[in-house]
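Below is one structure, written out as structure tokens, with a few remarks after it.
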Amino acid sequence: MYDEREQSPEHGPLAGFTVGVTAARRADELGALLERRGAAVLHAPALRIVPLSDDSELLAATKEIIGRAPDIAVATTAIGFRGWVEAADGWGLGEDLLERLREVRILARGPKVKGAIRAAGLNEEWSPASESMAEVLDRLLEEGVDGLRIAVQLHGEPLPGFVESLRAAGAEVVGVPVYRWLPPEDIGPVDRLVDAVVARTLDAVTFTSAPAAASLLSRAEERGLADDLLAAFGHDVLPACVGPVTALPLQARGVDTVQPERFRLGPLVQLLCRELPARARTLPVAGHRVEIRGHAVLVDGELRPVPPAGMSLLGALARKPGWVVSRAELLRALPGAGRDEHAVETAMARLRTALGAPKLIQTVVKRGYRLALDPAADTKYDAAV
């Protein structure tokens with residue numbers, strides 16, 4: 001019988017899983033973190049960033065702030081704040097901007113932004129422990145903002161309700177668009193990602209910004225695949241967001257997401273390392289412990305890559321563990337197999353070879369195939385079926 005004791009596998013915790021990455025910024029870093037833990041990565045940047053020095057809106061906002069200092073400045077992202085100062089330097093306005101900001105009460109959304117503020121020779125007045133813009137807004141409204149001029153560093157998209165709430169409370173708000181998101185120049189990778197989600201060939205998709213999530217949903221809408229995409233996210237493909245702001249476009253469409261407690265890439269990857277293996281189907285079959293992952297199978301802890309056709313067959317068998325599944329039903333599970341049941345036999349032979357344990361799947365003459373579920377598990381899985 002298989003040994004249920006913990007083993008120390010040589011593969012990473014994400015081996016056998018495929019993860020989509022929608023990030024435009026730090027995509028290589030996120031992809032490397034995932035690959036080091038064994039995942040296959042499909043990279044499809046859902047956006048591109050307009051270079052700061054080319055952005056006339058930022059130049060106009062910078063000149064407006066230098067010309068008339070705000071009472072308060074709200075910094076939301078480290079890369080945005082650093083880029084703002086660097087862009088101002090490029091325009092010959094860097095020292096003027098910093099001199100103006102030294103007169104201002106600066107609120108920072110989180111520790112990374114605080115680091116960027118201090119690196120520029122400035123000091124923040126306050127930063128929320130939660131790294132939440134909602135907490136920043138609550139503090140400002142509690143203090144009262146009527147008649148105050150507040151500069152808000154935007155981060156690619158309007159902050160939901162933030163600017164509107166300040167204006168409704170009587171503040172004059174100057175938006176500082178430090179960078180803007182635009183659709184990618186090459187939409188092909190995004191289309192491939194949408195297709196992969198709909199086909200359930202991905203196990204998870206990561207989102208590190210709200211605009212990326214909104215962009216993916218928008219592209220699916222344009223192609224008439226929004227309902228299929230949302231259905232896949234609802235059941236089979238795990239949407240993982242770096243934080244609650246990033247999750248907003250998905251939650252607005254009824255999609256539940258998972259998020260790490262700390263809104264960073266490392267914790268996001270650690271979350272996937274826990275969530276994806278926990279979602280894998282594990283069965284006791286023919287004296288072996290079989291764990292079915294996205295594009296591979298663990299047999300007694302040994303990683304066995306399986307071709308897509310084989311994974312389709314194994315998935316159909318695993319939905320009825322121990323029960324006979326007909327060739328006709330297995331044929332329907334094979335992508336693009338047509339009507340020839342010999343395709344099932346061919347794919348089944350390759351699946352058995354890939355698993356390295358032919359007795360895991362039994363042939364039932366003139367009826368079909370079945371997973372050789374261990375007798376001790378029969379009652380448990382009969383009840384489930």
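By order in the structure tokens, chains are A, B, ...; within a chain, residues start at 1; ligands start at 1, following the order shown.
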Show which residues sit within 7 Å of region 21-36 of chain A, as an mmCIF file with all heavy atoms, in the first residue's frame. Count only C-alpha atoms, and ignore same-chain residues fewer than 2 positions away.
```cif
data_model
loop_
_atom_site.group_PDB
_atom_site.id
_atom_site.type_symbol
_atom_site.label_atom_id
_atom_site.label_comp_id
_atom_site.auth_asym_id
_atom_site.auth_seq_id
_atom_site.Cartn_x
_atom_site.Cartn_y
_atom_site.Cartn_z
ATOM 1 N N VAL A 19 0.797 28.591 -14.172
ATOM 2 C CA VAL A 19 0.304 29.847 -13.607
ATOM 3 C C VAL A 19 0.438 30.954 -14.648
ATOM 4 O O VAL A 19 1.503 31.131 -15.249
ATOM 5 C CB VAL A 19 1.089 30.215 -12.331
ATOM 6 C CG1 VAL A 19 0.569 31.538 -11.749
ATOM 7 C CG2 VAL A 19 0.980 29.108 -11.289
ATOM 8 N N GLY A 38 8.807 25.428 -9.172
ATOM 9 C CA GLY A 38 8.388 24.327 -10.022
ATOM 10 C C GLY A 38 7.284 24.616 -11.002
ATOM 11 O O GLY A 38 6.944 23.760 -11.829
ATOM 12 N N ALA A 39 6.674 25.795 -10.964
ATOM 13 C CA ALA A 39 5.537 26.082 -11.830
ATOM 14 C C ALA A 39 5.979 26.326 -13.266
ATOM 15 O O ALA A 39 7.081 26.817 -13.524
ATOM 16 C CB ALA A 39 4.779 27.303 -11.318
ATOM 17 N N ALA A 40 5.094 25.983 -14.205
ATOM 18 C CA ALA A 40 5.224 26.461 -15.576
ATOM 19 C C ALA A 40 4.495 27.799 -15.637
ATOM 20 O O ALA A 40 3.439 27.966 -15.012
ATOM 21 C CB ALA A 40 4.602 25.470 -16.547
ATOM 22 N N VAL A 41 5.057 28.775 -16.346
ATOM 23 C CA VAL A 41 4.517 30.134 -16.337
ATOM 24 C C VAL A 41 4.112 30.551 -17.747
ATOM 25 O O VAL A 41 4.867 30.371 -18.702
ATOM 26 C CB VAL A 41 5.555 31.134 -15.772
ATOM 27 C CG1 VAL A 41 5.051 32.562 -15.890
ATOM 28 C CG2 VAL A 41 5.860 30.801 -14.308
ATOM 29 N N LEU A 42 2.901 31.085 -17.858
ATOM 30 C CA LEU A 42 2.430 31.697 -19.100
ATOM 31 C C LEU A 42 2.351 33.197 -18.863
ATOM 32 O O LEU A 42 1.525 33.669 -18.080
ATOM 33 C CB LEU A 42 1.055 31.145 -19.488
ATOM 34 C CG LEU A 42 0.405 31.757 -20.739
ATOM 35 C CD1 LEU A 42 1.274 31.512 -21.970
ATOM 36 C CD2 LEU A 42 -0.997 31.213 -20.946
ATOM 37 N N HIS A 43 3.249 33.943 -19.521
ATOM 38 C CA HIS A 43 3.326 35.385 -19.283
ATOM 39 C C HIS A 43 2.550 36.122 -20.368
ATOM 40 O O HIS A 43 2.796 35.941 -21.554
ATOM 41 C CB HIS A 43 4.786 35.858 -19.273
ATOM 42 C CG HIS A 43 4.922 37.317 -18.987
ATOM 43 N ND1 HIS A 43 5.890 38.105 -19.566
ATOM 44 C CD2 HIS A 43 4.203 38.148 -18.190
ATOM 45 C CE1 HIS A 43 5.757 39.353 -19.134
ATOM 46 N NE2 HIS A 43 4.741 39.398 -18.304
ATOM 47 N N ALA A 44 1.599 36.956 -19.918
ATOM 48 C CA ALA A 44 0.802 37.746 -20.856
ATOM 49 C C ALA A 44 0.552 39.116 -20.240
ATOM 50 O O ALA A 44 -0.452 39.320 -19.551
ATOM 51 C CB ALA A 44 -0.523 37.045 -21.147
ATOM 52 N N PRO A 45 1.471 40.075 -20.427
ATOM 53 C CA PRO A 45 1.264 41.402 -19.841
ATOM 54 C C PRO A 45 -0.030 42.015 -20.368
ATOM 55 O O PRO A 45 -0.199 42.182 -21.578
ATOM 56 C CB PRO A 45 2.498 42.197 -20.279
ATOM 57 C CG PRO A 45 3.076 41.433 -21.429
ATOM 58 C CD PRO A 45 2.701 40.004 -21.230
ATOM 59 N N ALA A 46 -0.947 42.316 -19.468
ATOM 60 C CA ALA A 46 -2.255 42.816 -19.872
ATOM 61 C C ALA A 46 -2.246 44.325 -20.099
ATOM 62 O O ALA A 46 -3.259 44.886 -20.490
ATOM 63 C CB ALA A 46 -3.297 42.449 -18.811
ATOM 64 N N LEU A 47 -1.100 44.987 -19.853
ATOM 65 C CA LEU A 47 -0.987 46.432 -19.965
ATOM 66 C C LEU A 47 0.412 46.828 -20.385
ATOM 67 O O LEU A 47 1.317 46.008 -20.358
ATOM 68 C CB LEU A 47 -1.227 47.098 -18.606
ATOM 69 C CG LEU A 47 -2.337 46.628 -17.721
ATOM 70 C CD1 LEU A 47 -1.879 46.765 -16.295
ATOM 71 C CD2 LEU A 47 -3.552 47.478 -17.940
ATOM 72 N N ARG A 48 0.572 48.082 -20.706
ATOM 73 C CA ARG A 48 1.905 48.657 -20.805
ATOM 74 C C ARG A 48 1.880 50.015 -20.117
ATOM 75 O O ARG A 48 0.817 50.620 -19.960
ATOM 76 C CB ARG A 48 2.373 48.796 -22.259
ATOM 77 C CG ARG A 48 1.500 49.661 -23.118
ATOM 78 C CD ARG A 48 1.909 49.565 -24.580
ATOM 79 N NE ARG A 48 0.932 50.184 -25.458
ATOM 80 C CZ ARG A 48 0.999 51.436 -25.895
ATOM 81 N NH1 ARG A 48 2.024 52.199 -25.537
ATOM 82 N NH2 ARG A 48 0.072 51.927 -26.681
ATOM 83 N N VAL A 205 -4.163 32.303 -12.113
ATOM 84 C CA VAL A 205 -3.716 33.528 -12.784
ATOM 85 C C VAL A 205 -3.415 34.541 -11.694
ATOM 86 O O VAL A 205 -4.216 34.731 -10.771
ATOM 87 C CB VAL A 205 -4.776 34.086 -13.744
ATOM 88 C CG1 VAL A 205 -4.294 35.393 -14.372
ATOM 89 C CG2 VAL A 205 -5.102 33.082 -14.843
ATOM 90 N N THR A 206 -2.254 35.183 -11.788
ATOM 91 C CA THR A 206 -1.867 36.189 -10.794
ATOM 92 C C THR A 206 -2.142 37.592 -11.335
ATOM 93 O O THR A 206 -1.948 37.872 -12.520
ATOM 94 C CB THR A 206 -0.378 36.078 -10.444
ATOM 95 O OG1 THR A 206 0.407 36.256 -11.634
ATOM 96 C CG2 THR A 206 -0.073 34.720 -9.820
ATOM 97 N N PHE A 207 -2.585 38.458 -10.430
ATOM 98 C CA PHE A 207 -2.838 39.864 -10.753
ATOM 99 C C PHE A 207 -2.111 40.719 -9.728
ATOM 100 O O PHE A 207 -2.258 40.508 -8.523
ATOM 101 C CB PHE A 207 -4.338 40.168 -10.706
ATOM 102 C CG PHE A 207 -5.153 39.402 -11.709
ATOM 103 C CD1 PHE A 207 -5.773 38.206 -11.350
ATOM 104 C CD2 PHE A 207 -5.306 39.855 -13.009
ATOM 105 C CE1 PHE A 207 -6.533 37.487 -12.256
ATOM 106 C CE2 PHE A 207 -6.060 39.143 -13.932
ATOM 107 C CZ PHE A 207 -6.673 37.952 -13.550
ATOM 108 N N THR A 208 -1.335 41.681 -10.211
ATOM 109 C CA THR A 208 -0.602 42.571 -9.313
ATOM 110 C C THR A 208 -1.050 44.022 -9.437
ATOM 111 O O THR A 208 -0.476 44.902 -8.803
ATOM 112 C CB THR A 208 0.913 42.473 -9.575
ATOM 113 O OG1 THR A 208 1.174 42.761 -10.959
ATOM 114 C CG2 THR A 208 1.428 41.084 -9.250
ATOM 115 N N ALA A 212 -4.625 45.632 -14.622
ATOM 116 C CA ALA A 212 -4.381 44.378 -15.333
ATOM 117 C C ALA A 212 -5.617 43.487 -15.286
ATOM 118 O O ALA A 212 -6.004 42.873 -16.293
ATOM 119 C CB ALA A 212 -3.183 43.648 -14.730
ATOM 120 N N LEU A 265 4.960 40.375 -3.653
ATOM 121 C CA LEU A 265 5.092 39.254 -4.585
ATOM 122 C C LEU A 265 5.454 37.964 -3.862
ATOM 123 O O LEU A 265 4.907 36.889 -4.169
ATOM 124 C CB LEU A 265 6.146 39.572 -5.645
ATOM 125 C CG LEU A 265 5.843 40.724 -6.607
ATOM 126 C CD1 LEU A 265 6.903 40.773 -7.704
ATOM 127 C CD2 LEU A 265 4.456 40.592 -7.213
ATOM 128 N N VAL A 269 3.319 34.397 -3.960
ATOM 129 C CA VAL A 269 3.814 33.103 -4.424
ATOM 130 C C VAL A 269 3.665 32.052 -3.320
ATOM 131 O O VAL A 269 3.270 30.909 -3.579
ATOM 132 C CB VAL A 269 5.277 33.221 -4.887
ATOM 133 C CG1 VAL A 269 5.862 31.856 -5.201
ATOM 134 C CG2 VAL A 269 5.365 34.126 -6.112
#
```
Under the rule of at most 10 Å, produce a per-residue listing of region 66-146 of chain A near region 226-249 of chain A: chain, number, name, the closest pair of atoms, and the distance in Å, as JSON lines, using only C-alpha atoms.
```
{"residue": "A:Glu131", "atom": "CA", "partner": "A:Gly243", "partner_atom": "CA", "distance": 9.8}
{"residue": "A:Ser132", "atom": "CA", "partner": "A:Val245", "partner_atom": "CA", "distance": 8.5}
{"residue": "A:Met133", "atom": "CA", "partner": "A:Val245", "partner_atom": "CA", "distance": 8.7}
{"residue": "A:Ala134", "atom": "CA", "partner": "A:Val245", "partner_atom": "CA", "distance": 9.7}
```
Mind writing the picked residues with all heavy atoms as an mmCIF file, in the first residue's frame?
```cif
data_model
loop_
_atom_site.group_PDB
_atom_site.id
_atom_site.type_symbol
_atom_site.label_atom_id
_atom_site.label_comp_id
_atom_site.auth_asym_id
_atom_site.auth_seq_id
_atom_site.Cartn_x
_atom_site.Cartn_y
_atom_site.Cartn_z
ATOM 1 N N GLU A 131 -1.521 49.421 5.071
ATOM 2 C CA GLU A 131 -1.157 49.743 3.693
ATOM 3 C C GLU A 131 -2.408 49.949 2.838
ATOM 4 O O GLU A 131 -2.408 49.709 1.635
ATOM 5 C CB GLU A 131 -0.262 48.659 3.077
ATOM 6 C CG GLU A 131 1.008 48.404 3.843
ATOM 7 C CD GLU A 131 1.885 47.346 3.193
ATOM 8 O OE1 GLU A 131 2.005 47.354 1.958
ATOM 9 O OE2 GLU A 131 2.438 46.513 3.926
ATOM 10 N N SER A 132 -3.471 50.408 3.459
ATOM 11 C CA SER A 132 -4.753 50.554 2.776
ATOM 12 C C SER A 132 -5.064 52.017 2.499
ATOM 13 O O SER A 132 -4.971 52.863 3.386
ATOM 14 C CB SER A 132 -5.860 49.939 3.639
ATOM 15 O OG SER A 132 -7.130 50.342 3.187
ATOM 16 N N MET A 133 -5.471 52.293 1.260
ATOM 17 C CA MET A 133 -5.887 53.654 0.932
ATOM 18 C C MET A 133 -7.177 54.018 1.653
ATOM 19 O O MET A 133 -7.439 55.191 1.912
ATOM 20 C CB MET A 133 -6.067 53.782 -0.581
ATOM 21 C CG MET A 133 -4.755 53.780 -1.356
ATOM 22 S SD MET A 133 -3.664 55.158 -0.900
ATOM 23 C CE MET A 133 -4.574 56.541 -1.585
ATOM 24 N N ALA A 134 -7.981 53.014 1.993
ATOM 25 C CA ALA A 134 -9.210 53.288 2.737
ATOM 26 C C ALA A 134 -8.885 53.880 4.103
ATOM 27 O O ALA A 134 -9.575 54.802 4.580
ATOM 28 C CB ALA A 134 -10.013 52.003 2.894
#
```
So that I can check the surroundings of Leu59 (chain A), please list as a PyMOL selection string every protein, DNA and RNA residue that reaches within 12 Å of it, counting only C-alpha atoms and ignoring chain neighbours fewer than 3 positions away. chain A and resi 52-56+62-66+84-94+97+175-179
Just how far from CA of Glu135 (chain A) is CA of Ala120 (chain A), in Å to one decimal? 24.4 Å
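Going from CA of Asp191 (chain A) over to CA of Leu14 (chain A), you cover 24.2 Å.
Closest approach to Leu373 (chain A) among A:Gly254, A:Pro321, A:Arg223, A:Gly301 is made by A:Pro321 (distances from only C-alpha atoms).
CA of Gln362 (chain A) sits 20.7 Å away from CA of Arg293 (chain A).
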Run DSSP on the backbone and grab whatever in region 35-254 of chain A lands in strand (DSSP E or B); send it over as a PyMOL selection string. chain A and resi 40-43+48-49+72-75+105-108+126+149-156+172-182+204-207+238-241
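Proximity of A:Leu193, A:Leu140, A:Ile187, A:Val364 to Ala171 (chain A), computed with only C-alpha atoms, is greatest for A:Leu140.
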Neighbour list for region 343-358 of chain A as a ChimeraX atom specification, cut-off 7 Å, only C-alpha atoms, skip fewer than 6 positions in-chain: /A:304-306,309-310,327,330-331,337
Run DSSP on the backbone and tell me which residues of region 141-256 of chain A come out as alpha helix (DSSP H); list them as a ChimeraX atom specification. /A:141-143,162-168,188-198,210-222,226-235,244-251
Between A:Gly115, A:Gly83, A:Pro335, A:Gly322, which is the closest to Pro375 (chain A) once you count only C-alpha atoms? A:Gly322
